[in-house]
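Below is one structure, written out as structure tokens, with a few remarks after it.
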Amino acid sequence: MGGTEAFTRMLVDPKLRAPSRQCGQAPPRWLALGRALPGRARLPLGAAGFLLMIAVYAWLPDRDGARAAIVPTLASIGRAMADALVAKELWIDVQHSFLRVTAGFAAAAILAVPLGVLAGAFRSIAALLEPPTEFLRYVPVPALIPLVMIVAGIGEGAKVLLVFLGTFFQLLLMTADEVRRVPAPLLHVSRSLGANRREIVWRVLTPAALPGIWSALRMCNGWAWSYVVVAELVAATEGLGFRILRFYRFLQTPSIYAYLLVLGLLGLGLDWVFRATSRRLFRWTPGGGA
């Protein structure tokens with residue numbers, strides 16, 4: 001009986017209980033696993049990340065062995081950025097690069113998304129399309145530049161084609177994966193309600209996979225910008241990639257950094273547009289489709 005009484009007292013008296021991890025103090029919300037970050041904390045943390053990056057870069061030119069041609073000072077980059085913003089060449093370069101990216105990326109999306117939906121819905125189409133797509137997506141886009149120049153020349157079509165090739169295969173596979181993630185019970189309910197295969201594919205599978213497909217489009221758009229810069233390094237008379245190569249030839253390193261900042265800001269702006277559109281279009285998804 002003595003052992004029973006001691007066990008009973010341990011259950012009643014919290015001081016006698018063994019410590020439990022589950023009873024420990026919960027971590028702060030911004031360190032909790034799998035929990036959303038408060039909206040008011042995102043902006044300060046993002047700003048702190050940028051300030052940390054700037055502080056690390058500002059420290060580099062003062063170290064022994066750092067050359068101004070490789071790591072220019074923040075002041076020189078700021079002057080180059082100010083000069084670029086008032087010069088018409090920057091805006092002409094942005095316009096040409098943006099049009100090339102938009103044309104190639106839009107063509108890839110118009111073709112890859114429907115094919116990806118079909119590949120995700122039907123195993124036979126997936127068996128037909130995915131093996132060659134998997135093979136071609138591992139071929140580096142810069143390695144295709146000579147063939148593209150032979151086929152399409154050195155005009156605008158070649159640059160748009162390189163952007164298309166760089167995004168089409170990735171987007172097709174990502175779309176197919178998103179379609180396969182649609183819960184199977186949704187398909188069973190659709191069949192029980194009398195939907196045929198065409199209705200299930202385009203009125204059930206596609207809308208259910210659209211939030212994920214939109215995220216895939218956002219990622220592929222970022223890749224498209226890298227490919228257009230590569231294309232402009234080869235044969236172009238304007239564009240952000242062409243201008244960066246020209247700065248390199250004349251060792252204008254601060255201007256190179258200024259144009260890289262422009263590319264980063266363009267990417268952030270486009271990413272914000274994709275995220276804002278996702279929150280508006282897919283409000284039913286966790287996190288508003290973000």
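By convention in this document, the chains of the structure tokens carry letters A, B, ... by their order, each chain's residues are numbered from 1, and ligands are numbered from 1 in the order they are shown.
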
Could you give me, as JSON lines, a per-residue list for stretch 171-243 of chain A showing, wherever an atom lies at most 12 Å from an atom of stretch 86-92 of chain A, the closest pair of atoms and their distance in Å to one decimal, using only C-alpha atoms and sorting by chain then residue number from low to high?
{"residue": "A:Thr237", "atom": "CA", "partner": "A:Ile92", "partner_atom": "CA", "distance": 10.7}
{"residue": "A:Glu238", "atom": "CA", "partner": "A:Ile92", "partner_atom": "CA", "distance": 7.3}
{"residue": "A:Gly239", "atom": "CA", "partner": "A:Ile92", "partner_atom": "CA", "distance": 7.2}
{"residue": "A:Leu240", "atom": "CA", "partner": "A:Leu90", "partner_atom": "CA", "distance": 7.7}
{"residue": "A:Gly241", "atom": "CA", "partner": "A:Leu90", "partner_atom": "CA", "distance": 11.3}
{"residue": "A:Phe242", "atom": "CA", "partner": "A:Leu90", "partner_atom": "CA", "distance": 11.2}
{"residue": "A:Arg243", "atom": "CA", "partner": "A:Leu90", "partner_atom": "CA", "distance": 8.6}

Residues within 12 Å of A:Arg181, only C-alpha atoms, excluding chain neighbours under 2 positions, as a PyMOL selection string: chain A and resi 117+120-121+174-179+183-187+205-206+208-213

Separation of atom CA of A:Leu266 from atom CA of A:His96 in Å: 13.4 Å

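In this comparison, which uses only C-alpha atoms, the residue of A:Thr285, A:Thr133, A:Thr167, A:Thr73 approaching A:Trp225 most closely is A:Thr167.
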
Judged by only C-alpha atoms, the minimum distance to A:Val71 among A:Ala58, A:Ile244, A:Arg42, A:Asp271 is found for A:Ala58

Best match for closeness to A:Val201 among A:Gly78, A:Gly116, A:Gly153, A:Gly166, counting only C-alpha atoms: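 With only C-alpha atoms as the atom set, the closest residue is A:Gly116.
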
For stretch 102-108 of chain A, please output as a list in words all residues within 9 Å (counting only C-alpha atoms; exclusion window: fewer than 5 positions along the same chain). Ser97, Val113, Lys159, Val160, Leu161, Leu162, Val163, Phe164, Leu165, Gly166, Thr167, Phe168, Phe169, Leu171, Leu172, Leu217, Cys220, Asn221 and Ala224 of chain A

Requested write-out: C-alpha atoms of the selected residues, as an mmCIF file, in the first residue's frame:
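In the end it all went to out-v1.cif:
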data_model
loop_
_atom_site.group_PDB
_atom_site.id
_atom_site.type_symbol
_atom_site.label_atom_id
_atom_site.label_comp_id
_atom_site.auth_asym_id
_atom_site.auth_seq_id
_atom_site.Cartn_x
_atom_site.Cartn_y
_atom_site.Cartn_z
ATOM 1 C CA SER A 97 15.113 42.059 -71.527
ATOM 2 C CA VAL A 113 0.789 23.805 -68.564
ATOM 3 C CA LYS A 159 16.867 34.885 -77.391
ATOM 4 C CA VAL A 160 13.178 34.139 -76.961
ATOM 5 C CA LEU A 161 13.786 30.525 -77.945
ATOM 6 C CA LEU A 162 16.500 30.143 -75.295
ATOM 7 C CA VAL A 163 14.131 31.426 -72.617
ATOM 8 C CA PHE A 164 11.469 29.019 -73.889
ATOM 9 C CA LEU A 165 13.840 26.037 -73.789
ATOM 10 C CA GLY A 166 15.047 26.945 -70.328
ATOM 11 C CA THR A 167 11.564 27.010 -68.786
ATOM 12 C CA PHE A 168 9.359 24.690 -70.852
ATOM 13 C CA PHE A 169 10.671 21.313 -69.673
ATOM 14 C CA LEU A 171 7.358 23.763 -66.064
ATOM 15 C CA LEU A 172 5.848 20.688 -67.733
ATOM 16 C CA LEU A 217 5.095 29.595 -62.804
ATOM 17 C CA CYS A 220 10.136 29.340 -63.611
ATOM 18 C CA ASN A 221 9.811 33.063 -64.229
ATOM 19 C CA ALA A 224 13.703 32.731 -67.294
#

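Of the listed residues A:Val273, A:Leu74, A:Arg79, A:Pro44, the one whose atoms come nearest to A:Ser215 is A:Val273, with distances taken using only C-alpha atoms.
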
Can you tell me, as a compact mmCIF listing (two decimals) with C-alpha atoms, in the first residue's frame, what residues are no more than 10 Å from A:Leu245 when counting only C-alpha atoms, ignoring any on the same chain fewer than 3 positions away?
# COMPACT_ATOMS: atom_id res chain seq x y z
CA VAL A 229 20.88 37.22 -69.46
CA GLU A 232 22.19 38.44 -74.23
CA LEU A 233 25.80 37.70 -73.39
CA VAL A 234 26.25 36.02 -76.77
CA LEU A 240 20.85 43.77 -69.23
CA GLY A 241 23.12 40.84 -70.05
CA PHE A 242 24.72 42.67 -72.96
CA TYR A 248 33.23 43.68 -67.84
CA ARG A 249 35.25 44.42 -70.96
CA PHE A 250 36.01 47.92 -69.69
CA LEU A 251 36.49 46.79 -66.04
CA GLN A 252 33.56 48.94 -64.86
CA ILE A 256 28.19 45.60 -63.03

Just list as a ChimeraX atom specification whatever in stretch 31-278 of chain A DSSP marks as alpha helix (DSSP H). /A:39-59,74-86,88-121,123-137,145-152,156-180,184-192,197-200,206-234,240-249,253-278
